[in-house]
>>> print(open('model21.txt').read())   # compact mmCIF, C-alpha atoms
# COMPACT_ATOMS: atom_id res chain seq x y z
CA MET W 1 -30.82 22.65 -5.43
CA HIS W 2 -31.46 25.29 -2.82
CA THR W 3 -30.06 25.39 0.69
CA ALA W 4 -30.71 27.94 3.40
CA PRO W 5 -27.70 30.25 3.21
CA SER W 6 -25.54 31.11 6.17
CA ILE W 7 -25.71 34.78 7.09
CA GLU W 8 -23.74 37.34 9.01
CA ALA W 9 -26.07 38.55 11.75
CA ALA W 10 -24.69 42.10 11.81
CA SER W 11 -25.31 42.71 8.10
CA TYR W 12 -28.47 40.63 7.71
CA GLN W 13 -31.48 42.56 6.46
CA PRO W 14 -34.77 40.90 7.47
CA PRO W 15 -37.89 40.88 5.30
CA THR W 16 -39.17 44.39 4.65
CA TRP W 17 -42.69 45.60 5.28
CA GLU W 18 -43.19 45.55 1.51
CA ALA W 19 -42.19 41.86 1.47
CA ILE W 20 -44.73 41.13 4.21
CA LEU W 21 -47.45 42.97 2.29
CA ALA W 22 -46.59 40.99 -0.85
CA ALA W 23 -46.66 37.74 1.13
CA HIS W 24 -50.08 38.56 2.55
CA ALA W 25 -51.49 39.37 -0.87
CA ARG W 26 -50.04 36.12 -2.25
CA ILE W 27 -51.45 33.81 0.42
CA ALA W 28 -54.71 35.55 1.39
CA PRO W 29 -56.83 33.76 -1.24
CA ARG W 30 -55.59 30.39 0.07
CA ILE W 31 -55.71 30.70 3.87
CA HIS W 32 -58.16 31.69 6.58
CA ARG W 33 -58.16 35.09 8.22
CA THR W 34 -58.47 33.48 11.61
CA PRO W 35 -60.74 34.90 14.33
CA ILE W 36 -59.60 36.86 17.37
CA LEU W 37 -61.35 35.60 20.49
CA THR W 38 -61.60 36.99 24.02
CA SER W 39 -62.35 35.48 27.42
CA ILE W 40 -63.69 37.31 30.45
CA SER W 41 -62.46 34.45 32.67
CA LEU W 42 -58.89 34.59 31.39
CA ASN W 43 -58.92 38.38 31.57
CA ALA W 44 -59.79 38.14 35.26
CA MET W 45 -57.10 35.53 35.93
CA SER W 46 -54.37 37.51 34.17
CA GLY W 47 -55.38 41.04 35.12
CA ALA W 48 -55.18 42.04 31.47
CA GLN W 49 -57.38 42.40 28.40
CA LEU W 50 -56.43 39.40 26.26
CA PHE W 51 -56.98 38.99 22.52
CA PHE W 52 -56.31 35.53 21.11
CA LYS W 53 -55.32 35.14 17.45
CA CYS W 54 -56.63 31.63 16.80
CA GLU W 55 -54.25 30.01 14.34
CA ASN W 56 -55.45 26.69 15.79
CA LEU W 57 -58.41 27.31 13.46
CA GLN W 58 -56.15 27.92 10.46
CA LYS W 59 -55.93 25.61 7.42
CA THR W 60 -53.79 22.55 8.28
CA GLY W 61 -54.41 23.41 11.94
CA SER W 62 -51.58 25.88 12.48
CA PHE W 63 -49.95 29.16 11.44
CA LYS W 64 -47.38 27.20 9.44
CA ILE W 65 -49.46 27.32 6.27
CA ARG W 66 -48.77 31.07 6.09
CA GLY W 67 -45.02 30.70 5.67
CA ALA W 68 -45.12 27.45 3.71
CA SER W 69 -47.61 28.75 1.17
CA ASN W 70 -45.71 32.01 0.74
CA ALA W 71 -42.45 30.16 0.14
CA ILE W 72 -43.88 27.52 -2.19
CA LEU W 73 -46.15 29.85 -4.16
CA SER W 74 -43.13 32.15 -4.65
CA LEU W 75 -41.08 29.47 -6.40
CA THR W 76 -40.50 29.57 -10.13
CA GLU W 77 -41.75 26.64 -12.19
CA SER W 78 -38.22 25.30 -12.55
CA GLU W 79 -37.59 25.56 -8.80
CA ALA W 80 -40.82 23.74 -7.92
CA ALA W 81 -40.59 21.11 -10.67
CA ARG W 82 -38.57 18.56 -8.68
CA GLY W 83 -40.76 18.90 -5.61
CA ILE W 84 -40.21 20.14 -2.08
CA VAL W 85 -38.23 18.72 0.81
CA THR W 86 -38.29 19.86 4.43
CA GLN W 87 -37.86 18.73 8.03
CA SER W 88 -40.62 19.08 10.58
CA SER W 89 -42.04 17.82 13.86
CA GLY W 90 -45.43 17.95 12.19
CA ASN W 91 -47.18 21.26 11.57
CA HIS W 92 -44.70 22.67 9.06
CA GLY W 93 -44.67 19.32 7.30
CA ALA W 94 -48.46 19.36 6.92
CA ALA W 95 -48.34 22.93 5.64
CA VAL W 96 -45.61 22.11 3.12
CA ALA W 97 -47.49 19.02 1.93
CA CYS W 98 -50.66 21.08 1.51
CA ALA W 99 -48.96 23.97 -0.31
CA ALA W 100 -46.99 21.56 -2.50
CA ALA W 101 -50.29 19.92 -3.49
CA TRP W 102 -51.57 23.36 -4.49
CA ARG W 103 -48.54 23.65 -6.79
CA GLY W 104 -49.05 20.10 -8.04
CA VAL W 105 -45.59 18.90 -6.96
CA PRO W 106 -44.45 16.19 -4.53
CA ALA W 107 -43.26 16.89 -0.98
CA TRP W 108 -40.85 14.85 1.13
CA ILE W 109 -41.12 15.46 4.88
CA VAL W 110 -38.40 14.38 7.32
CA MET W 111 -39.94 13.72 10.75
CA PRO W 112 -38.50 12.49 14.06
CA ASN W 113 -39.65 8.97 14.88
CA ASN W 114 -41.26 10.21 18.11
CA ALA W 115 -43.47 12.71 16.29
CA SER W 116 -47.19 12.92 16.99
CA ALA W 117 -49.12 10.22 15.14
CA VAL W 118 -51.91 12.73 14.51
CA LYS W 119 -49.48 15.11 12.80
CA ALA W 120 -47.94 12.32 10.72
CA LYS W 121 -51.41 11.21 9.60
CA ALA W 122 -52.24 14.78 8.59
CA ILE W 123 -49.08 15.03 6.46
CA GLU W 124 -49.97 11.82 4.67
CA GLY W 125 -53.52 13.09 4.19
CA TYR W 126 -52.17 16.10 2.31
CA GLY W 127 -50.07 13.81 0.11
CA GLY W 128 -46.71 14.27 1.82
CA LYS W 129 -44.14 11.47 1.74
CA ILE W 130 -42.73 10.97 5.26
CA VAL W 131 -39.19 9.82 5.99
CA PHE W 132 -38.60 9.18 9.69
CA CYS W 133 -35.31 9.77 11.48
CA ASP W 134 -33.89 9.83 15.01
CA PRO W 135 -35.36 12.62 17.19
CA THR W 136 -32.36 14.94 17.13
CA VAL W 137 -31.67 18.17 15.26
CA THR W 138 -28.53 16.58 13.78
CA ALA W 139 -30.40 13.54 12.43
CA ARG W 140 -33.18 15.65 10.97
CA LYS W 141 -30.74 17.84 9.06
CA ALA W 142 -28.64 14.92 7.84
CA THR W 143 -31.71 13.05 6.56
CA CYS W 144 -33.08 16.18 4.90
CA ASP W 145 -29.74 16.82 3.19
CA ARG W 146 -29.63 13.22 1.92
CA LEU W 147 -33.15 13.41 0.52
CA GLN W 148 -32.45 16.70 -1.17
CA ALA W 149 -29.34 15.24 -2.79
CA GLU W 150 -31.25 12.16 -3.95
CA THR W 151 -34.31 13.93 -5.33
CA GLY W 152 -33.07 17.39 -6.33
CA ALA W 153 -36.07 18.78 -4.47
CA HIS W 154 -36.17 22.41 -3.36
CA LEU W 155 -35.57 22.91 0.36
CA VAL W 156 -38.21 24.90 2.24
CA HIS W 157 -36.67 25.30 5.67
CA PRO W 158 -39.13 25.51 8.58
CA TYR W 159 -37.87 28.90 9.75
CA ASP W 160 -34.43 29.86 8.39
CA ASP W 161 -35.94 31.41 5.26
CA ASP W 162 -37.03 35.00 4.64
CA ARG W 163 -40.10 33.86 2.69
CA ILE W 164 -41.21 31.74 5.65
CA ILE W 165 -40.67 34.61 8.09
CA ALA W 166 -42.59 37.06 5.88
CA GLY W 167 -45.48 34.62 5.66
CA GLN W 168 -45.57 34.06 9.41
CA ALA W 169 -45.56 37.82 9.94
CA THR W 170 -49.02 38.04 8.43
CA ALA W 171 -50.64 36.56 11.56
CA ALA W 172 -49.47 39.45 13.74
CA LYS W 173 -50.26 41.88 10.93
CA GLU W 174 -53.88 40.69 10.95
CA LEU W 175 -54.00 40.86 14.74
CA LEU W 176 -52.79 44.47 14.86
CA GLU W 177 -55.03 45.49 11.96
CA GLU W 178 -58.05 44.44 14.00
CA ILE W 179 -56.84 45.27 17.54
CA GLY W 180 -54.66 48.25 16.84
CA ASP W 181 -53.79 49.54 20.30
CA LEU W 182 -52.18 46.45 21.82
CA ASP W 183 -49.50 47.01 24.42
CA ALA W 184 -47.75 43.69 23.78
CA VAL W 185 -47.94 40.49 21.75
CA PHE W 186 -46.98 37.01 22.97
CA ALA W 187 -45.97 34.12 20.72
CA PRO W 188 -44.24 30.77 21.24
CA VAL W 189 -40.68 30.33 20.04
CA SER W 190 -38.82 27.31 18.70
CA GLY W 191 -36.83 27.89 15.52
CA GLY W 192 -38.05 31.46 15.68
CA GLY W 193 -39.97 31.82 12.42
CA LEU W 194 -43.25 32.77 14.09
CA LEU W 195 -41.69 34.99 16.75
CA SER W 196 -39.46 36.75 14.20
CA GLY W 197 -42.45 37.29 11.96
CA THR W 198 -44.50 38.49 14.93
CA CYS W 199 -41.88 41.13 15.69
CA LEU W 200 -41.90 42.36 12.09
CA GLY W 201 -45.63 42.10 11.53
CA ALA W 202 -46.67 43.73 14.81
CA LYS W 203 -44.07 46.51 14.82
CA GLY W 204 -44.78 47.23 11.16
CA ILE W 205 -48.18 48.52 12.27
CA ARG W 206 -47.47 49.71 15.82
CA ALA W 207 -43.77 50.46 16.31
CA GLU W 208 -44.04 50.83 20.09
CA VAL W 209 -45.72 47.46 20.72
CA HIS W 210 -43.74 45.08 22.94
CA VAL W 211 -43.14 41.50 21.78
CA PHE W 212 -42.48 38.61 24.15
CA GLY W 213 -41.39 35.12 23.20
CA CYS W 214 -42.61 32.18 25.27
CA GLU W 215 -40.60 28.99 25.58
CA PRO W 216 -40.63 25.70 27.52
CA ALA W 217 -37.98 25.61 30.23
CA ARG W 218 -37.01 22.19 28.88
CA ALA W 219 -36.25 23.70 25.45
CA ASP W 220 -34.75 27.06 26.41
CA ASP W 221 -32.21 27.72 23.67
CA ALA W 222 -33.83 31.03 22.65
CA TYR W 223 -33.71 32.23 26.26
CA ARG W 224 -30.05 31.21 26.54
CA SER W 225 -29.18 32.70 23.16
CA LEU W 226 -30.59 36.13 23.98
CA ALA W 227 -29.16 36.07 27.51
CA SER W 228 -25.65 35.23 26.29
CA GLY W 229 -25.69 37.18 23.05
CA THR W 230 -24.48 34.11 21.15
CA LEU W 231 -26.51 31.54 19.27
CA GLN W 232 -27.15 28.49 21.46
CA SER W 233 -28.61 25.18 20.35
CA GLN W 234 -29.96 21.93 21.70
CA ASP W 235 -29.94 18.66 19.86
CA SER W 236 -33.07 17.22 21.48
CA SER W 237 -35.76 17.92 24.06
CA ASP W 238 -38.57 15.99 25.72
CA THR W 239 -40.92 18.92 26.30
CA ILE W 240 -44.60 18.13 25.79
CA ALA W 241 -44.68 21.14 23.45
CA ASP W 242 -43.53 18.97 20.55
CA GLY W 243 -43.64 21.86 18.08
CA LEU W 244 -41.03 23.78 20.08
CA ARG W 245 -38.10 21.37 20.07
CA ALA W 246 -36.03 23.10 17.37
CA SER W 247 -33.33 25.73 17.89
CA LEU W 248 -32.97 29.26 16.55
CA ALA W 249 -31.20 29.85 13.26
CA PRO W 250 -28.84 32.74 12.46
CA ARG W 251 -31.48 34.89 10.73
CA THR W 252 -34.18 34.36 13.36
CA PHE W 253 -31.66 35.04 16.12
CA ALA W 254 -30.64 38.25 14.37
CA ILE W 255 -34.25 39.47 14.21
CA LEU W 256 -35.01 38.55 17.83
CA ARG W 257 -31.88 40.27 19.12
CA ARG W 258 -33.08 43.50 17.52
CA HIS W 259 -36.80 43.35 18.24
CA VAL W 260 -37.96 40.96 20.97
CA ASP W 261 -38.29 42.32 24.50
CA ARG W 262 -37.82 39.15 26.50
CA ILE W 263 -38.16 35.37 26.46
CA LEU W 264 -40.48 33.99 29.15
CA LEU W 265 -39.98 30.40 30.33
CA VAL W 266 -42.74 28.04 31.46
CA THR W 267 -42.75 24.62 33.09
CA GLU W 268 -44.35 21.47 31.71
CA GLU W 269 -47.01 21.68 34.42
CA GLU W 270 -47.84 25.26 33.44
CA ILE W 271 -48.15 24.26 29.78
CA ILE W 272 -50.56 21.42 30.55
CA SER W 273 -52.61 23.56 32.94
CA ALA W 274 -52.91 26.38 30.40
CA ALA W 275 -54.03 24.04 27.60
CA ARG W 276 -56.72 22.56 29.81
CA LEU W 277 -57.83 25.97 31.04
CA VAL W 278 -58.32 27.24 27.47
CA TRP W 279 -60.36 24.14 26.68
CA GLU W 280 -62.52 24.56 29.78
CA ARG W 281 -63.08 28.33 29.55
CA MET W 282 -62.91 29.07 25.82
CA LYS W 283 -64.17 25.74 24.46
CA ILE W 284 -61.40 25.47 21.88
CA ILE W 285 -58.56 22.97 21.57
CA ILE W 286 -55.00 24.26 21.42
CA GLU W 287 -51.88 22.14 21.29
CA PRO W 288 -49.24 22.39 24.03
CA SER W 289 -47.04 24.61 21.85
CA SER W 290 -49.89 27.13 21.72
CA ALA W 291 -50.44 26.93 25.46
CA VAL W 292 -46.84 28.08 25.98
CA ALA W 293 -47.90 31.56 24.79
CA ILE W 294 -50.65 32.01 27.40
CA ALA W 295 -49.06 30.11 30.31
CA PRO W 296 -46.72 32.96 31.42
CA LEU W 297 -49.69 35.32 31.88
CA LEU W 298 -51.68 33.12 34.25
CA ASN W 299 -49.46 33.28 37.32
CA PRO W 300 -50.30 35.89 40.00
CA GLY W 301 -48.42 39.13 39.33
CA ALA W 302 -47.06 37.89 35.99
CA VAL W 303 -48.46 40.75 33.91
CA ALA W 304 -47.29 43.37 36.41
CA SER W 305 -43.76 41.90 36.28
CA LEU W 306 -43.55 42.72 32.57
CA ASN W 307 -43.29 46.43 33.48
CA LEU W 308 -45.37 47.57 30.55
CA PRO W 309 -46.08 51.31 30.33
CA LYS W 310 -49.27 52.42 32.04
CA ARG W 311 -52.14 53.04 29.68
CA PRO W 312 -53.25 56.70 29.55
CA ASP W 313 -56.84 55.76 30.34
CA GLY W 314 -55.82 53.67 33.36
CA THR W 315 -57.27 50.44 32.00
CA ALA W 316 -55.61 47.02 32.16
CA PRO W 317 -52.95 46.21 29.55
CA ARG W 318 -54.21 45.03 26.17
CA LEU W 319 -52.26 41.92 25.20
CA GLY W 320 -52.35 39.84 22.02
CA VAL W 321 -51.65 36.11 22.26
CA ILE W 322 -51.01 33.98 19.18
CA PHE W 323 -52.39 30.46 19.50
CA SER W 324 -50.05 28.80 17.03
CA GLY W 325 -51.88 25.53 16.40
CA GLY W 326 -54.48 23.02 17.45
CA ASN W 327 -53.21 19.66 16.24
CA VAL W 328 -53.65 17.54 19.35
CA ASP W 329 -53.72 13.77 19.75
CA LEU W 330 -56.98 13.54 21.70
CA SER W 331 -56.20 9.96 22.72
CA ALA W 332 -53.08 11.09 24.58
CA LEU W 333 -54.18 14.23 26.42
CA PRO W 334 -51.86 14.82 29.40
CA TRP W 335 -54.61 15.10 32.01
CA LYS W 336 -57.13 12.72 33.55
>>> encode(input="model21.txt", output="structure tokens")
Amino acid sequence: MHTAPSIEAASYQPPTWEAILAAHARIAPRIHRTPILTSISLNAMSGAQLFFKCENLQKTGSFKIRGASNAILSLTESEAARGIVTQSSGNHGAAVACAAAWRGVPAWIVMPNNASAVKAKAIEGYGGKIVFCDPTVTARKATCDRLQAETGAHLVHPYDDDRIIAGQATAAKELLEEIGDLDAVFAPVSGGGLLSGTCLGAKGIRAEVHVFGCEPARADDAYRSLASGTLQSQDSSDTIADGLRASLAPRTFAILRRHVDRILLVTEEEIISAARLVWERMKIIIEPSSAVAIAPLLNPGAVASLNLPKRPDGTAPRLGVIFSGGNVDLSALPWK
């Protein structure tokens, strides 16, 4: 059996650029190279030039397939033989179920019993076997540990895994390959796999690019962790951004401490407003967790408060925003 190892943050060496390149080569035949969209309306509202990496249009509906497929396709035959086990609020579970099906092995997904019905249905559609638990970090881990002990399945952690981080880094890598002169990139943060990967993938191409994490104020452990310099956690949260209710892990915290510029907090009202605005102006559906990445840029003066260096040509800042997913329960949209 495999468990995510504990690490010493000071000595931890994150995935190298070579590991990210290898991950991209491994998963590219299986996933979409998602489009980068723009919006004149949102540019005007933010006072910036915005470039949206649309992982809401990715296979399984989120960026999670990048990390999950890299991790699962990397396994040896003996490692994969007993199947895969993981814990997830939904998107990682769907990605693991999908990638496990590609390998022809079973996948057990531990989900909180308040998880989105749409996400649970997607996991089952990919062949995943769901085991529900109480909606706390402690319960999720305990149930996952029990399943792993019972089945001998290989653990693919949602974010505390270098193979996951390297896979998630490919989204920012693609963004910077196409829009090379970005001043900053914005991504949501929960367990930190996407944001850690964004730091490594973006800075691997443009070392001077700034990276900002975006987080619900109701699930602010990353903000508190970076502010205090010690890893903070929260056992549960009721934020509408259901994909952002996890806490950082030692390896993701170590990467963010070295590379992220700041964590920006947003309210529930700002998340809902941003999701609706994207739907109205861009005609695409993003889930609340995705909206967290654009919400901080829509308030008056928000971009100026980031204190980004002035562009030599005097134009507005060029900002990349990663829309992490689009798995929304359309029967329970939070607006009338």
>>> closest_atom_pairs(input="model21.txt", of="stretch 186-215 of chain W", to="stretch 308-314 of chain W", cutoff="12 Å", atoms="only C-alpha atoms", output="tab-separated table")
residue	atom	partner	partner_atom	distance
W:Glu208	CA	W:Pro309	CA	10.5
W:Val209	CA	W:Leu308	CA	9.8
W:His210	CA	W:Leu308	CA	8.2
W:Val211	CA	W:Leu308	CA	10.9
W:Phe212	CA	W:Leu308	CA	11.4
>>> residues_around(input="model21.txt", residues="W:Ala120", least_positions_apart="2", cutoff="12 Å", atoms="all atoms listed in the file", output="PyMOL selection string")
chain W and resi 88-95+97+109-118+122-132+327-329
>>> write_last_selection(input="model21.txt", atoms="C-alpha atoms", output="PDB file, in the coordinates of the input")
ATOM      1  CA  SER W  88     -40.620  19.080  10.580  1.00  0.00           C
ATOM      2  CA  SER W  89     -42.040  17.820  13.860  1.00  0.00           C
ATOM      3  CA  GLY W  90     -45.430  17.950  12.190  1.00  0.00           C
ATOM      4  CA  ASN W  91     -47.180  21.260  11.570  1.00  0.00           C
ATOM      5  CA  HIS W  92     -44.700  22.670   9.060  1.00  0.00           C
ATOM      6  CA  GLY W  93     -44.670  19.320   7.300  1.00  0.00           C
ATOM      7  CA  ALA W  94     -48.460  19.360   6.920  1.00  0.00           C
ATOM      8  CA  ALA W  95     -48.340  22.930   5.640  1.00  0.00           C
ATOM      9  CA  ALA W  97     -47.490  19.020   1.930  1.00  0.00           C
ATOM     10  CA  ILE W 109     -41.120  15.460   4.880  1.00  0.00           C
ATOM     11  CA  VAL W 110     -38.400  14.380   7.320  1.00  0.00           C
ATOM     12  CA  MET W 111     -39.940  13.720  10.750  1.00  0.00           C
ATOM     13  CA  PRO W 112     -38.500  12.490  14.060  1.00  0.00           C
ATOM     14  CA  ASN W 113     -39.650   8.970  14.880  1.00  0.00           C
ATOM     15  CA  ASN W 114     -41.260  10.210  18.110  1.00  0.00           C
ATOM     16  CA  ALA W 115     -43.470  12.710  16.290  1.00  0.00           C
ATOM     17  CA  SER W 116     -47.190  12.920  16.990  1.00  0.00           C
ATOM     18  CA  ALA W 117     -49.120  10.220  15.140  1.00  0.00           C
ATOM     19  CA  VAL W 118     -51.910  12.730  14.510  1.00  0.00           C
ATOM     20  CA  ALA W 122     -52.240  14.780   8.590  1.00  0.00           C
ATOM     21  CA  ILE W 123     -49.080  15.030   6.460  1.00  0.00           C
ATOM     22  CA  GLU W 124     -49.970  11.820   4.670  1.00  0.00           C
ATOM     23  CA  GLY W 125     -53.520  13.090   4.190  1.00  0.00           C
ATOM     24  CA  TYR W 126     -52.170  16.100   2.310  1.00  0.00           C
ATOM     25  CA  GLY W 127     -50.070  13.810   0.110  1.00  0.00           C
ATOM     26  CA  GLY W 128     -46.710  14.270   1.820  1.00  0.00           C
ATOM     27  CA  LYS W 129     -44.140  11.470   1.740  1.00  0.00           C
ATOM     28  CA  ILE W 130     -42.730  10.970   5.260  1.00  0.00           C
ATOM     29  CA  VAL W 131     -39.190   9.820   5.990  1.00  0.00           C
ATOM     30  CA  PHE W 132     -38.600   9.180   9.690  1.00  0.00           C
ATOM     31  CA  ASN W 327     -53.210  19.660  16.240  1.00  0.00           C
ATOM     32  CA  VAL W 328     -53.650  17.540  19.350  1.00  0.00           C
ATOM     33  CA  ASP W 329     -53.720  13.770  19.750  1.00  0.00           C
TER      34      ASP W 329
END
>>> closest_residue(input="model21.txt", among="W:Arg251, W:Arg82, W:Lys141, W:Arg218", to="W:Asp161", atoms="all atoms listed in the file")
W:Arg251
>>> closest_residue(input="model21.txt", among="W:Val189, W:Leu73, W:Ile263, W:Ala184", to="W:Ala28", atoms="only C-alpha atoms")
W:Leu73
>>> residues_around(input="model21.txt", residues="stretch 214-217 of chain W", least_positions_apart="5", cutoff="12 Å", atoms="all atoms listed in the file", output="ChimeraX atom specification")
/W:185-192,194-195,222-224,237-248,260-272,288-297,321-324
>>> atom_distance(input="model21.txt", atom1="atom CA of W:Thr315", atom2="atom CA of W:Lys203")
22.0 Å
>>> atom_distance(input="model21.txt", atom1="atom CA of W:Ala100", atom2="atom CA of W:Gly204")
29.2 Å
>>> closest_residue(input="model21.txt", among="W:Ala99, W:Ala332, W:Ile20, W:Ala316", to="W:Ile65", atoms="only C-alpha atoms")
W:Ala99
>>> closest_atom_pairs(input="model21.txt", of="stretch 64-156 of chain W", to="stretch 164-182 of chain W", cutoff="7 Å", atoms="all atoms listed in the file", output="Markdown table")
| residue | atom | partner | partner_atom | distance |
| --- | --- | --- | --- | --- |
| W:Arg66 | CA | W:Gly167 | CA | 4.9 |
| W:Gly67 | CA | W:Gly167 | CA | 3.9 |
| W:Ala68 | CA | W:Ile164 | CA | 6.1 |
| W:Asn70 | CA | W:Gly167 | CA | 5.6 |
| W:Ala71 | CA | W:Ile164 | CA | 5.9 |
>>> closest_atom_pairs(input="model21.txt", of="stretch 249-295 of chain W", to="stretch 31-45 of chain W", cutoff="10 Å", atoms="all atoms listed in the file", output="Markdown table")
| residue | atom | partner | partner_atom | distance |
| --- | --- | --- | --- | --- |
| W:Leu277 | CA | W:Leu42 | CA | 8.7 |
| W:Val278 | CA | W:Leu42 | CA | 8.3 |
| W:Arg281 | CA | W:Ser41 | CA | 6.9 |
| W:Met282 | CA | W:Ser39 | CA | 6.6 |
| W:Ile294 | CA | W:Leu42 | CA | 9.5 |
>>> atom_distance(input="model21.txt", atom1="atom CA of W:Pro15", atom2="atom CA of W:Arg163")
7.8 Å
>>> build_atoms(input="model21.txt", residues="stretch 194-205 of chain W", atoms="N, CA and C atoms", output="compact mmCIF listing (two decimals), keeping the file's coordinate frame")
# COMPACT_ATOMS: atom_id res chain seq x y z
N LEU W 194 -42.05 32.05 13.67
CA LEU W 194 -43.25 32.77 14.09
C LEU W 194 -42.91 33.99 14.92
N LEU W 195 -42.01 33.85 15.89
CA LEU W 195 -41.69 34.99 16.75
C LEU W 195 -41.00 36.10 15.96
N SER W 196 -40.09 35.74 15.06
CA SER W 196 -39.46 36.75 14.20
C SER W 196 -40.50 37.47 13.36
N GLY W 197 -41.38 36.69 12.75
CA GLY W 197 -42.45 37.29 11.96
C GLY W 197 -43.38 38.14 12.79
N THR W 198 -43.64 37.70 14.03
CA THR W 198 -44.50 38.49 14.93
C THR W 198 -43.87 39.84 15.22
N CYS W 199 -42.57 39.85 15.47
CA CYS W 199 -41.88 41.13 15.69
C CYS W 199 -42.07 42.06 14.49
N LEU W 200 -41.84 41.53 13.29
CA LEU W 200 -41.90 42.36 12.09
C LEU W 200 -43.33 42.75 11.75
N GLY W 201 -44.25 41.81 11.88
CA GLY W 201 -45.63 42.10 11.53
C GLY W 201 -46.31 43.05 12.50
N ALA W 202 -46.05 42.86 13.80
CA ALA W 202 -46.67 43.73 14.81
C ALA W 202 -46.07 45.12 14.79
N LYS W 203 -44.74 45.21 14.77
CA LYS W 203 -44.07 46.51 14.82
C LYS W 203 -44.21 47.27 13.50
N GLY W 204 -44.52 46.55 12.42
CA GLY W 204 -44.78 47.23 11.16
C GLY W 204 -46.03 48.08 11.21
N ILE W 205 -46.95 47.75 12.11
CA ILE W 205 -48.18 48.52 12.27
C ILE W 205 -48.11 49.43 13.49
